[in-house]
>>> print(open('entry_25.cif').read())   # mmCIF, C-alpha atoms
data_start
loop_
_atom_site.group_PDB
_atom_site.id
_atom_site.type_symbol
_atom_site.label_atom_id
_atom_site.label_comp_id
_atom_site.auth_asym_id
_atom_site.auth_seq_id
_atom_site.Cartn_x
_atom_site.Cartn_y
_atom_site.Cartn_z
ATOM 1 C CA MET M 952 0.000 0.000 0.000
ATOM 2 C CA ASN M 953 2.796 2.412 0.913
ATOM 3 C CA GLU M 954 5.321 1.638 -1.848
ATOM 4 C CA LYS M 955 4.723 5.039 -3.472
ATOM 5 C CA LEU M 956 5.569 6.980 -0.325
ATOM 6 C CA GLU M 957 8.897 8.744 0.024
ATOM 7 C CA ALA M 958 11.251 6.465 1.979
ATOM 8 C CA GLY M 959 11.530 8.492 5.192
ATOM 9 C CA ILE M 960 7.818 9.152 5.340
ATOM 10 C CA LYS M 961 7.063 5.506 4.561
ATOM 11 C CA ARG M 962 8.860 4.495 7.762
ATOM 12 C CA LEU M 963 6.634 6.823 9.796
ATOM 13 C CA VAL M 964 3.486 5.581 8.102
ATOM 14 C CA ASP M 965 4.485 1.924 8.474
ATOM 15 C CA GLU M 966 5.011 2.450 12.201
ATOM 16 C CA PHE M 967 1.657 4.226 12.493
ATOM 17 C CA GLN M 968 -0.123 1.388 10.731
ATOM 18 C CA SER M 969 1.658 -1.365 12.655
ATOM 19 C CA ASN M 970 0.578 0.325 15.889
ATOM 20 C CA GLY M 971 -3.080 0.019 14.894
ATOM 21 C CA LYS M 972 -3.531 3.447 13.286
ATOM 22 C CA PRO M 973 -4.031 5.438 16.511
ATOM 23 C CA CYS M 974 -6.191 8.498 15.837
ATOM 24 C CA ALA M 975 -5.235 11.725 17.571
ATOM 25 C CA SER M 976 -8.918 12.653 17.847
ATOM 26 C CA LYS M 977 -9.177 10.043 20.623
ATOM 27 C CA GLN M 978 -6.439 11.725 22.660
ATOM 28 C CA SER M 979 -6.901 14.557 25.113
ATOM 29 C CA VAL M 980 -6.062 18.053 23.925
ATOM 30 C CA TYR M 981 -3.076 18.017 26.278
ATOM 31 C CA GLN M 982 -1.783 14.801 24.693
ATOM 32 C CA ARG M 983 -2.239 16.191 21.191
ATOM 33 C CA ARG M 984 -0.314 19.339 22.033
ATOM 34 C CA ALA M 985 2.491 17.436 23.751
ATOM 35 C CA GLY M 986 2.732 14.991 20.855
ATOM 36 C CA TYR M 987 3.039 17.803 18.337
ATOM 37 C CA ILE M 988 5.835 19.446 20.305
ATOM 38 C CA ALA M 989 7.604 16.098 20.674
ATOM 39 C CA SER M 990 7.593 15.615 16.895
ATOM 40 C CA SER M 991 9.239 18.965 16.132
ATOM 41 C CA TYR M 992 12.679 17.328 15.872
ATOM 42 C CA LEU M 993 11.540 16.012 12.486
ATOM 43 C CA GLY M 994 11.716 19.574 11.172
ATOM 44 C CA GLY M 995 15.414 19.280 10.443
ATOM 45 C CA ASP M 996 18.038 21.996 10.579
ATOM 46 C CA SER M 997 17.316 24.999 12.781
ATOM 47 C CA PRO M 998 19.878 27.601 11.705
ATOM 48 C CA LYS M 999 21.140 30.355 13.972
ATOM 49 C CA LEU M 1000 19.845 33.805 13.012
ATOM 50 C CA GLU M 1001 20.962 37.345 13.739
ATOM 51 C CA SER M 1002 18.214 37.777 16.362
ATOM 52 C CA GLU M 1003 14.961 36.335 17.684
ATOM 53 C CA PHE M 1004 12.550 38.049 20.039
ATOM 54 C CA THR M 1005 8.900 38.313 21.002
ATOM 55 C CA ASP M 1006 6.555 41.274 20.918
ATOM 56 C CA ILE M 1007 2.909 42.079 21.626
ATOM 57 C CA LEU M 1008 0.924 43.701 18.801
ATOM 58 C CA ASN M 1009 -2.703 44.692 19.321
ATOM 59 C CA GLY M 1010 -2.819 42.341 22.301
ATOM 60 C CA VAL M 1011 -1.440 39.325 20.408
ATOM 61 C CA GLN M 1012 1.966 37.738 20.960
ATOM 62 C CA VAL M 1013 4.266 37.332 17.970
ATOM 63 C CA LYS M 1014 7.797 36.034 17.588
ATOM 64 C CA ILE M 1015 10.188 37.689 15.186
ATOM 65 C CA TYR M 1016 12.997 35.857 13.384
ATOM 66 C CA LYS M 1017 15.550 38.214 11.834
ATOM 67 C CA PRO M 1018 18.159 36.578 9.571
ATOM 68 C CA SER M 1019 20.565 39.507 9.271
ATOM 69 C CA SER M 1020 21.176 43.064 10.417
ATOM 70 C CA GLY M 1021 19.828 44.472 7.145
ATOM 71 C CA VAL M 1022 17.020 47.004 6.921
ATOM 72 C CA CYS M 1023 13.917 47.068 4.751
ATOM 73 C CA LEU M 1024 13.895 43.282 4.564
ATOM 74 C CA PRO M 1025 10.793 41.545 3.191
ATOM 75 C CA ILE M 1026 8.376 40.321 5.854
ATOM 76 C CA ILE M 1027 6.844 36.861 6.001
ATOM 77 C CA ILE M 1028 3.849 36.561 8.305
ATOM 78 C CA TYR M 1029 3.552 32.907 9.279
ATOM 79 C CA PHE M 1030 0.281 31.291 10.375
ATOM 80 C CA HIS M 1031 1.099 28.002 12.101
ATOM 81 C CA GLY M 1032 -0.940 24.821 11.788
ATOM 82 C CA GLY M 1033 -2.265 22.407 14.394
ATOM 83 C CA CYS M 1034 -5.970 21.844 13.626
ATOM 84 C CA PHE M 1035 -6.860 25.019 15.576
ATOM 85 C CA ILE M 1036 -6.128 23.201 18.857
ATOM 86 C CA SER M 1037 -2.344 22.718 18.953
ATOM 87 C CA GLY M 1038 0.846 23.979 17.402
ATOM 88 C CA GLY M 1039 2.666 27.218 17.985
ATOM 89 C CA ILE M 1040 6.044 28.855 17.782
ATOM 90 C CA GLU M 1041 7.811 25.901 19.405
ATOM 91 C CA THR M 1042 6.418 23.354 16.922
ATOM 92 C CA HIS M 1043 7.450 25.346 13.857
ATOM 93 C CA GLN M 1044 10.829 26.854 14.756
ATOM 94 C CA PRO M 1045 12.974 24.848 12.295
ATOM 95 C CA GLN M 1046 10.775 25.939 9.377
ATOM 96 C CA LEU M 1047 10.559 29.531 10.590
ATOM 97 C CA ARG M 1048 14.326 29.799 10.891
ATOM 98 C CA GLN M 1049 14.922 28.055 7.574
ATOM 99 C CA LEU M 1050 12.497 30.378 5.785
ATOM 100 C CA ALA M 1051 14.088 33.451 7.343
ATOM 101 C CA ARG M 1052 17.584 32.355 6.315
ATOM 102 C CA LEU M 1053 16.727 31.096 2.828
ATOM 103 C CA SER M 1054 14.604 34.112 1.844
ATOM 104 C CA ASN M 1055 16.575 36.727 3.808
ATOM 105 C CA SER M 1056 13.237 37.876 5.187
ATOM 106 C CA ILE M 1057 11.978 38.765 8.616
ATOM 107 C CA VAL M 1058 9.582 36.011 9.669
ATOM 108 C CA VAL M 1059 6.862 36.894 12.158
ATOM 109 C CA CYS M 1060 4.913 33.975 13.636
ATOM 110 C CA ILE M 1061 1.588 34.700 15.339
ATOM 111 C CA LYS M 1062 0.695 32.968 18.609
ATOM 112 C CA TYR M 1063 -3.091 32.868 18.323
ATOM 113 C CA ARG M 1064 -5.549 31.477 20.855
ATOM 114 C CA LEU M 1065 -6.368 27.786 20.577
ATOM 115 C CA ALA M 1066 -9.507 25.690 20.921
ATOM 116 C CA PRO M 1067 -11.244 24.276 22.850
ATOM 117 C CA GLU M 1068 -10.450 26.969 25.415
ATOM 118 C CA TYR M 1069 -11.229 29.605 22.792
ATOM 119 C CA LYS M 1070 -13.839 29.162 20.087
ATOM 120 C CA TYR M 1071 -14.367 30.764 16.691
ATOM 121 C CA PRO M 1072 -13.683 33.578 15.927
ATOM 122 C CA ALA M 1073 -10.851 33.850 18.489
ATOM 123 C CA ALA M 1074 -8.040 32.580 16.231
ATOM 124 C CA HIS M 1075 -9.379 34.511 13.228
ATOM 125 C CA ASP M 1076 -9.557 37.711 15.272
ATOM 126 C CA ASP M 1077 -6.085 37.229 16.769
ATOM 127 C CA VAL M 1078 -4.306 36.732 13.477
ATOM 128 C CA TYR M 1079 -6.165 39.631 11.872
ATOM 129 C CA GLN M 1080 -5.240 41.996 14.695
ATOM 130 C CA ALA M 1081 -1.636 40.796 14.663
ATOM 131 C CA VAL M 1082 -1.381 41.311 10.897
ATOM 132 C CA ILE M 1083 -2.641 44.886 11.252
ATOM 133 C CA GLY M 1084 -0.008 45.466 13.937
ATOM 134 C CA ILE M 1085 2.781 43.964 11.828
ATOM 135 C CA LYS M 1086 1.810 46.196 8.910
ATOM 136 C CA GLN M 1087 1.938 49.240 11.180
ATOM 137 C CA HIS M 1088 5.134 48.399 13.079
ATOM 138 C CA GLY M 1089 7.118 46.029 10.865
ATOM 139 C CA ASN M 1090 9.664 48.740 10.095
ATOM 140 C CA LYS M 1091 10.823 48.787 13.721
ATOM 141 C CA TYR M 1092 12.058 45.212 13.232
ATOM 142 C CA GLY M 1093 14.005 46.238 10.126
ATOM 143 C CA GLY M 1094 11.263 45.009 7.815
ATOM 144 C CA ASN M 1095 9.540 46.620 4.866
ATOM 145 C CA PRO M 1096 5.755 46.744 5.475
ATOM 146 C CA GLN M 1097 5.245 47.253 1.736
ATOM 147 C CA LYS M 1098 6.683 43.763 1.067
ATOM 148 C CA ILE M 1099 4.584 41.353 3.134
ATOM 149 C CA SER M 1100 3.907 37.722 2.260
ATOM 150 C CA PHE M 1101 1.516 35.386 4.083
ATOM 151 C CA ILE M 1102 2.431 31.716 4.575
ATOM 152 C CA GLY M 1103 0.271 29.235 6.450
ATOM 153 C CA ASP M 1104 0.146 25.458 6.847
ATOM 154 C CA SER M 1105 -2.985 23.371 7.504
ATOM 155 C CA ALA M 1106 -5.175 25.358 9.951
ATOM 156 C CA GLY M 1107 -2.681 28.164 9.438
ATOM 157 C CA GLY M 1108 -3.349 28.026 5.702
ATOM 158 C CA HIS M 1109 -7.021 28.467 6.507
ATOM 159 C CA LEU M 1110 -6.237 31.461 8.715
ATOM 160 C CA ALA M 1111 -3.909 33.034 6.139
ATOM 161 C CA LEU M 1112 -6.629 32.856 3.496
ATOM 162 C CA ALA M 1113 -9.361 34.040 5.874
ATOM 163 C CA THR M 1114 -7.196 36.988 6.938
ATOM 164 C CA THR M 1115 -6.584 37.957 3.316
ATOM 165 C CA LEU M 1116 -10.339 37.892 2.697
ATOM 166 C CA ARG M 1117 -10.903 40.112 5.750
ATOM 167 C CA LEU M 1118 -8.263 42.548 4.537
ATOM 168 C CA ARG M 1119 -9.936 42.723 1.134
ATOM 169 C CA HIS M 1120 -13.192 43.637 2.858
ATOM 170 C CA PHE M 1121 -12.022 45.894 5.680
ATOM 171 C CA SER M 1122 -8.637 47.318 4.680
ATOM 172 C CA SER M 1123 -6.817 49.059 1.866
ATOM 173 C CA TRP M 1124 -3.927 46.628 1.459
ATOM 174 C CA LEU M 1125 -3.250 42.963 0.755
ATOM 175 C CA PRO M 1126 -0.126 40.812 1.035
ATOM 176 C CA ARG M 1127 2.002 40.622 -2.082
ATOM 177 C CA ASN M 1128 2.046 36.859 -1.961
ATOM 178 C CA LEU M 1129 -0.158 34.189 -0.400
ATOM 179 C CA ILE M 1130 1.275 30.687 0.109
ATOM 180 C CA LEU M 1131 -1.141 28.063 1.420
ATOM 181 C CA ILE M 1132 0.391 24.757 2.464
ATOM 182 C CA TYR M 1133 -2.263 21.990 2.462
ATOM 183 C CA PRO M 1134 -4.860 24.397 3.901
ATOM 184 C CA MET M 1135 -7.878 23.219 5.916
ATOM 185 C CA LEU M 1136 -10.837 24.619 3.985
ATOM 186 C CA ASP M 1137 -13.939 22.441 4.362
ATOM 187 C CA PRO M 1138 -15.203 21.866 7.940
ATOM 188 C CA LYS M 1139 -17.385 19.012 6.682
ATOM 189 C CA GLY M 1140 -14.636 17.074 4.902
ATOM 190 C CA ARG M 1141 -16.728 16.387 1.827
ATOM 191 C CA SER M 1142 -13.991 15.700 -0.743
ATOM 192 C CA GLN M 1143 -13.071 12.301 -2.128
ATOM 193 C CA SER M 1144 -9.530 12.481 -0.719
ATOM 194 C CA TYR M 1145 -10.992 12.636 2.801
ATOM 195 C CA LYS M 1146 -12.364 9.161 2.146
ATOM 196 C CA LYS M 1147 -9.400 7.802 0.187
ATOM 197 C CA PHE M 1148 -6.624 8.982 2.521
ATOM 198 C CA GLY M 1149 -8.575 9.487 5.730
ATOM 199 C CA THR M 1150 -7.402 6.558 7.865
ATOM 200 C CA ASP M 1151 -3.954 5.265 6.864
ATOM 201 C CA TYR M 1152 -1.584 8.239 6.773
ATOM 202 C CA ILE M 1153 -1.067 9.483 10.366
ATOM 203 C CA ILE M 1154 -3.080 12.718 10.109
ATOM 204 C CA THR M 1155 -6.516 11.179 9.708
ATOM 205 C CA ALA M 1156 -9.797 12.632 8.535
ATOM 206 C CA LYS M 1157 -11.166 12.413 12.081
ATOM 207 C CA THR M 1158 -8.130 14.249 13.432
ATOM 208 C CA LEU M 1159 -8.639 17.132 11.014
ATOM 209 C CA LEU M 1160 -12.404 17.330 11.446
ATOM 210 C CA SER M 1161 -12.145 17.166 15.239
ATOM 211 C CA GLY M 1162 -10.155 20.384 15.071
ATOM 212 C CA PHE M 1163 -12.970 22.137 13.238
ATOM 213 C CA GLU M 1164 -15.489 20.675 15.688
ATOM 214 C CA LEU M 1165 -13.574 21.848 18.769
ATOM 215 C CA TYR M 1166 -13.033 25.323 17.330
ATOM 216 C CA SER M 1167 -16.414 25.938 15.737
ATOM 217 C CA ASN M 1168 -18.901 27.921 17.789
ATOM 218 C CA VAL M 1169 -21.775 26.997 15.465
ATOM 219 C CA ASP M 1170 -24.414 24.742 17.004
ATOM 220 C CA SER M 1171 -26.339 23.972 13.823
ATOM 221 C CA ASP M 1172 -25.570 22.617 10.369
ATOM 222 C CA VAL M 1173 -25.070 26.178 9.145
ATOM 223 C CA ILE M 1174 -21.328 26.879 8.999
ATOM 224 C CA GLU M 1175 -20.077 30.448 8.853
ATOM 225 C CA HIS M 1176 -18.501 31.280 5.516
ATOM 226 C CA GLU M 1177 -15.329 32.266 7.354
ATOM 227 C CA LEU M 1178 -14.957 28.598 8.297
ATOM 228 C CA ASP M 1179 -16.243 27.044 5.061
ATOM 229 C CA LEU M 1180 -13.821 28.904 2.834
ATOM 230 C CA LEU M 1181 -14.625 27.059 -0.382
ATOM 231 C CA LYS M 1182 -17.889 29.012 -0.465
ATOM 232 C CA CYS M 1183 -16.100 32.363 -0.689
ATOM 233 C CA ASP M 1184 -15.520 34.747 -3.583
ATOM 234 C CA PHE M 1185 -11.789 35.029 -4.227
ATOM 235 C CA GLY M 1186 -11.843 37.884 -6.710
ATOM 236 C CA GLY M 1187 -9.122 40.472 -6.166
ATOM 237 C CA LEU M 1188 -6.832 38.260 -4.089
ATOM 238 C CA PRO M 1189 -3.054 38.474 -4.572
ATOM 239 C CA SER M 1190 -0.791 35.996 -6.329
ATOM 240 C CA THR M 1191 -1.365 32.652 -4.593
ATOM 241 C CA THR M 1192 0.457 29.345 -4.383
ATOM 242 C CA ILE M 1193 -1.399 26.274 -3.110
ATOM 243 C CA ILE M 1194 0.707 23.313 -1.982
ATOM 244 C CA THR M 1195 -0.901 19.868 -1.826
ATOM 245 C CA ALA M 1196 0.342 16.425 -0.766
ATOM 246 C CA GLU M 1197 -0.532 13.197 -2.572
ATOM 247 C CA PHE M 1198 -1.624 11.112 0.443
ATOM 248 C CA ASP M 1199 -3.450 13.885 2.305
ATOM 249 C CA PRO M 1200 -7.163 13.988 3.182
ATOM 250 C CA LEU M 1201 -7.017 17.692 2.242
ATOM 251 C CA CYS M 1202 -5.530 17.121 -1.214
ATOM 252 C CA ASP M 1203 -8.762 17.486 -3.192
ATOM 253 C CA GLU M 1204 -9.953 20.626 -1.455
ATOM 254 C CA GLY M 1205 -6.612 22.283 -2.188
ATOM 255 C CA LYS M 1206 -7.122 21.411 -5.849
ATOM 256 C CA ARG M 1207 -10.692 22.695 -5.656
ATOM 257 C CA LEU M 1208 -9.460 26.001 -4.225
ATOM 258 C CA TYR M 1209 -7.059 26.258 -7.157
ATOM 259 C CA GLN M 1210 -9.934 25.785 -9.622
ATOM 260 C CA LEU M 1211 -12.117 28.335 -7.846
ATOM 261 C CA MET M 1212 -9.350 30.924 -7.684
ATOM 262 C CA GLN M 1213 -8.646 30.437 -11.376
ATOM 263 C CA SER M 1214 -12.327 30.989 -12.172
ATOM 264 C CA HIS M 1215 -12.286 34.181 -10.063
ATOM 265 C CA GLY M 1216 -9.309 35.617 -11.945
ATOM 266 C CA VAL M 1217 -6.615 35.081 -9.310
ATOM 267 C CA ASP M 1218 -2.994 34.555 -10.394
ATOM 268 C CA VAL M 1219 -2.714 31.121 -8.774
ATOM 269 C CA CYS M 1220 -0.485 28.079 -9.128
ATOM 270 C CA LEU M 1221 -0.760 24.583 -7.681
ATOM 271 C CA ASP M 1222 2.338 22.736 -6.450
ATOM 272 C CA HIS M 1223 1.449 19.071 -5.920
ATOM 273 C CA TYR M 1224 3.997 16.875 -4.111
ATOM 274 C CA LEU M 1225 3.992 13.128 -4.746
ATOM 275 C CA GLY M 1226 4.805 10.484 -2.171
ATOM 276 C CA VAL M 1227 4.133 12.656 0.870
ATOM 277 C CA ILE M 1228 1.457 13.090 3.533
ATOM 278 C CA HIS M 1229 -0.249 15.923 5.388
ATOM 279 C CA GLY M 1230 2.349 17.728 7.482
ATOM 280 C CA PHE M 1231 5.311 16.873 5.238
ATOM 281 C CA PHE M 1232 6.474 20.511 5.252
ATOM 282 C CA GLN M 1233 7.603 19.884 8.844
ATOM 283 C CA LEU M 1234 9.497 16.680 8.034
ATOM 284 C CA ALA M 1235 12.697 18.064 6.495
ATOM 285 C CA ALA M 1236 14.814 15.788 8.700
ATOM 286 C CA ILE M 1237 13.528 12.758 6.777
ATOM 287 C CA SER M 1238 11.971 14.142 3.587
ATOM 288 C CA ASP M 1239 13.732 15.486 0.507
ATOM 289 C CA SER M 1240 10.371 16.810 -0.683
ATOM 290 C CA ALA M 1241 10.109 18.912 2.473
ATOM 291 C CA LYS M 1242 13.564 20.409 1.879
ATOM 292 C CA HIS M 1243 12.686 21.123 -1.739
ATOM 293 C CA CYS M 1244 9.362 22.683 -0.739
ATOM 294 C CA ILE M 1245 10.927 24.997 1.849
ATOM 295 C CA ASN M 1246 13.516 26.166 -0.686
ATOM 296 C CA LYS M 1247 10.844 26.692 -3.326
ATOM 297 C CA VAL M 1248 8.640 28.672 -0.940
ATOM 298 C CA ALA M 1249 11.599 30.900 -0.034
ATOM 299 C CA LYS M 1250 12.286 31.541 -3.719
ATOM 300 C CA LYS M 1251 8.626 32.452 -4.308
ATOM 301 C CA VAL M 1252 8.876 35.050 -1.543
ATOM 302 C CA ASN M 1253 12.037 36.467 -3.093
ATOM 303 C CA ARG M 1254 10.450 36.698 -6.553
ATOM 304 C CA SER M 1255 7.362 38.449 -5.189
ATOM 305 C CA THR M 1256 9.386 41.166 -3.510
#
>>> encode(input="entry_25.cif", output="structure tokens")
Amino acid sequence: MNEKLEAGIKRLVDEFQSNGKPCASKQSVYQRRAGYIASSYLGGDSPKLESEFTDILNGVQVKIYKPSSGVCLPIIIYFHGGCFISGGIETHQPQLRQLARLSNSIVVCIKYRLAPEYKYPAAHDDVYQAVIGIKQHGNKYGGNPQKISFIGDSAGGHLALATTLRLRHFSSWLPRNLILIYPMLDPKGRSQSYKKFGTDYIITAKTLLSGFELYSNVDSDVIEHELDLLKCDFGGLPSTTIITAEFDPLCDEGKRLYQLMQSHGVDVCLDHYLGVIHGFFQLAAISDSAKHCINKVAKKVNRST
């Protein structure tokens, strides 16, 4: 079944399957958070940067990764994944540092509130307020607020897209570049890939959907459009890259987003990675595809600025 998987990822998947396919949705939130942190070593190299520090912007904590002492550097705003209930700065540091170094950009990661302690729209509000603050104050970090890119993975991809849609509606600016890494888009999990890849590849369909369920504050079958993003109008959005993984329950909805954006006139491209699973972007210690993807993302940021 797993012969088409990349070798390093195949070992992880084989172990998961031999252990009876344990689903994270059956764990406590504490266990899920601890497990995510424990897996961060798979992120690979974590290069030393010129400086790292935290700040509070509009009441939201952010961490800044500065690769050099230069000024007017491009800014990457990073929206971390974790199914809305886990993840954070500590789970993503290798990727944040790698992106800062490879793109020579200031990376700002937002520490948004997590479910189930905080329900929708807490995370959406936090990242929006933080983005407004970064736009206003990014120059004090040595960044150029006119050259901002958004990058988000999984739930963070959802939040990056939702924030861009809010900016289109409420503000006068948009990021230059939007990079969505296997974004969570459909809170109902209605695509075929949810069925095809939903049980065997570590991040299961139930794991993903449990995140939406714990975060959603909607008690009926009516889902807010800010959660069900495939129902949105994407006209006027900036240049967008959507990254999908072959053995990912979210693969088809990433492809569907690509089709919708195309139909709405967005300059959009789809980068589909074979032989990998949901979360592969954080597996650079064992995955050549992850290393390639990080380098490619950094180059996209450079080209957009």
>>> residues_around(input="entry_25.cif", residues="segment 1193-1202 of chain M", least_positions_apart="2", cutoff="8 Å", atoms="only C-alpha atoms", output="VMD selection string")
chain M and resid 1130 to 1135 1142 1144 to 1149 1152 1154 to 1156 1191 1204 to 1206 1209 1219 to 1229 1231
>>> atom_distance(input="entry_25.cif", atom1="atom CA of Glu1068 of chain M", atom2="atom CA of Leu1234 of chain M")
28.4 Å
>>> closest_residue(input="entry_25.cif", among="M:His1120, M:Lys1070, M:Lys1086, M:Lys955", to="Leu1008 of chain M", atoms="all atoms listed in the file")
M:Lys1086
>>> closest_residue(input="entry_25.cif", among="M:Gly1186, M:Asp996, M:Ala1081, M:Ala958", to="Lys1014 of chain M", atoms="all atoms listed in the file")
M:Ala1081
>>> closest_residue(input="entry_25.cif", among="M:Asn1095, M:Ser997, M:Ser1190, M:Asn1090", to="Arg1254 of chain M", atoms="all atoms listed in the file")
M:Ser1190
>>> resolve_selection(input="entry_25.cif", expression="the PyMOL selection byres ((chain M and resi 1011) around 8)", output="ChimeraX atom specification")
/M:1007-1010,1012-1013,1061-1063,1077-1078,1080-1081
>>> resolve_selection(input="entry_25.cif", expression="the PyMOL selection byres ((chain M and resi 1050) around 10)", output="list in words")
Pro998, Tyr1016, Pro1018, Ile1027, Tyr1029, Gln1044, Pro1045, Gln1046, Leu1047, Arg1048, Gln1049, Ala1051, Arg1052, Leu1053, Ser1054, Asn1055, Ser1056, Ile1057, Val1058, Ile1245, Asn1246, Lys1247, Val1248, Ala1249, Lys1250 and Val1252 of chain M
>>> residues_around(input="entry_25.cif", residues="Ser1167 of chain M", least_positions_apart="6", cutoff="10 Å", atoms="only C-alpha atoms", output="list of chain:residue names")
M:Phe1035, M:Ala1066, M:Pro1067, M:Tyr1069, M:Lys1070, M:Tyr1071, M:Pro1072, M:Pro1138, M:Ser1161, M:Ile1174, M:Glu1175, M:Leu1178
>>> write_last_selection(input="entry_25.cif", atoms="C-alpha atoms", output="PDB file, keeping the file's coordinate frame")
ATOM      1  CA  PHE M1035      -6.860  25.019  15.576  1.00  0.00           C
ATOM      2  CA  ALA M1066      -9.507  25.690  20.921  1.00  0.00           C
ATOM      3  CA  PRO M1067     -11.244  24.276  22.850  1.00  0.00           C
ATOM      4  CA  TYR M1069     -11.229  29.605  22.792  1.00  0.00           C
ATOM      5  CA  LYS M1070     -13.839  29.162  20.087  1.00  0.00           C
ATOM      6  CA  TYR M1071     -14.367  30.764  16.691  1.00  0.00           C
ATOM      7  CA  PRO M1072     -13.683  33.578  15.927  1.00  0.00           C
ATOM      8  CA  PRO M1138     -15.203  21.866   7.940  1.00  0.00           C
ATOM      9  CA  SER M1161     -12.145  17.166  15.239  1.00  0.00           C
ATOM     10  CA  ILE M1174     -21.328  26.879   8.999  1.00  0.00           C
ATOM     11  CA  GLU M1175     -20.077  30.448   8.853  1.00  0.00           C
ATOM     12  CA  LEU M1178     -14.957  28.598   8.297  1.00  0.00           C
TER      13      LEU M1178
END
>>> atom_distance(input="entry_25.cif", atom1="atom CA of Leu993 of chain M", atom2="atom CA of Tyr1166 of chain M")
26.7 Å
>>> atom_distance(input="entry_25.cif", atom1="atom CA of Lys1098 of chain M", atom2="atom CA of Pro1025 of chain M")
5.1 Å
>>> resolve_selection(input="entry_25.cif", expression="the PyMOL selection byres ((chain M and resi 1127) around 12)", output="mmCIF file with C-alpha atoms, keeping the file's coordinate frame")
data_model
loop_
_atom_site.group_PDB
_atom_site.id
_atom_site.type_symbol
_atom_site.label_atom_id
_atom_site.label_comp_id
_atom_site.auth_asym_id
_atom_site.auth_seq_id
_atom_site.Cartn_x
_atom_site.Cartn_y
_atom_site.Cartn_z
ATOM 1 C CA PRO M 1025 10.793 41.545 3.191
ATOM 2 C CA ILE M 1026 8.376 40.321 5.854
ATOM 3 C CA ILE M 1027 6.844 36.861 6.001
ATOM 4 C CA ILE M 1028 3.849 36.561 8.305
ATOM 5 C CA ASN M 1095 9.540 46.620 4.866
ATOM 6 C CA PRO M 1096 5.755 46.744 5.475
ATOM 7 C CA GLN M 1097 5.245 47.253 1.736
ATOM 8 C CA LYS M 1098 6.683 43.763 1.067
ATOM 9 C CA ILE M 1099 4.584 41.353 3.134
ATOM 10 C CA SER M 1100 3.907 37.722 2.260
ATOM 11 C CA PHE M 1101 1.516 35.386 4.083
ATOM 12 C CA ILE M 1102 2.431 31.716 4.575
ATOM 13 C CA THR M 1115 -6.584 37.957 3.316
ATOM 14 C CA TRP M 1124 -3.927 46.628 1.459
ATOM 15 C CA LEU M 1125 -3.250 42.963 0.755
ATOM 16 C CA PRO M 1126 -0.126 40.812 1.035
ATOM 17 C CA ASN M 1128 2.046 36.859 -1.961
ATOM 18 C CA LEU M 1129 -0.158 34.189 -0.400
ATOM 19 C CA ILE M 1130 1.275 30.687 0.109
ATOM 20 C CA GLY M 1187 -9.122 40.472 -6.166
ATOM 21 C CA LEU M 1188 -6.832 38.260 -4.089
ATOM 22 C CA PRO M 1189 -3.054 38.474 -4.572
ATOM 23 C CA SER M 1190 -0.791 35.996 -6.329
ATOM 24 C CA THR M 1191 -1.365 32.652 -4.593
ATOM 25 C CA THR M 1192 0.457 29.345 -4.383
ATOM 26 C CA ASP M 1218 -2.994 34.555 -10.394
ATOM 27 C CA LYS M 1251 8.626 32.452 -4.308
ATOM 28 C CA VAL M 1252 8.876 35.050 -1.543
ATOM 29 C CA ASN M 1253 12.037 36.467 -3.093
ATOM 30 C CA ARG M 1254 10.450 36.698 -6.553
ATOM 31 C CA SER M 1255 7.362 38.449 -5.189
ATOM 32 C CA THR M 1256 9.386 41.166 -3.510
#
>>> residues_near_point(input="entry_25.cif", point="(0.2, 20.8, 18.7)", cutoff="8 Å", atoms="all atoms listed in the file", output="VMD selection string")
chain M and resid 983 to 988 1033 1036 to 1039 1042
>>> residues_around(input="entry_25.cif", residues="Tyr1079 of chain M", least_positions_apart="4", cutoff="7 Å", atoms="all atoms listed in the file", output="VMD selection string")
chain M and resid 1075 1083 1114
>>> closest_residue(input="entry_25.cif", among="M:His1088, M:Lys977, M:Lys1157, M:Lys1242", to="Gly994 of chain M", atoms="only C-alpha atoms")
M:Lys1242
>>> closest_residue(input="entry_25.cif", among="M:Ile1237, M:Phe1185, M:Gln968, M:Lys1139", to="Gln1213 of chain M", atoms="all atoms listed in the file")
M:Phe1185
>>> closest_residue(input="entry_25.cif", among="M:Asp1203, M:Asp1184, M:Glu1177, M:Glu966", to="Asp1076 of chain M", atoms="only C-alpha atoms")
M:Glu1177
>>> residues_around(input="entry_25.cif", residues="Cys1183 of chain M", least_positions_apart="4", cutoff="10 Å", atoms="all atoms listed in the file", output="ChimeraX atom specification")
/M:1113,1116,1176-1179,1208,1211-1212
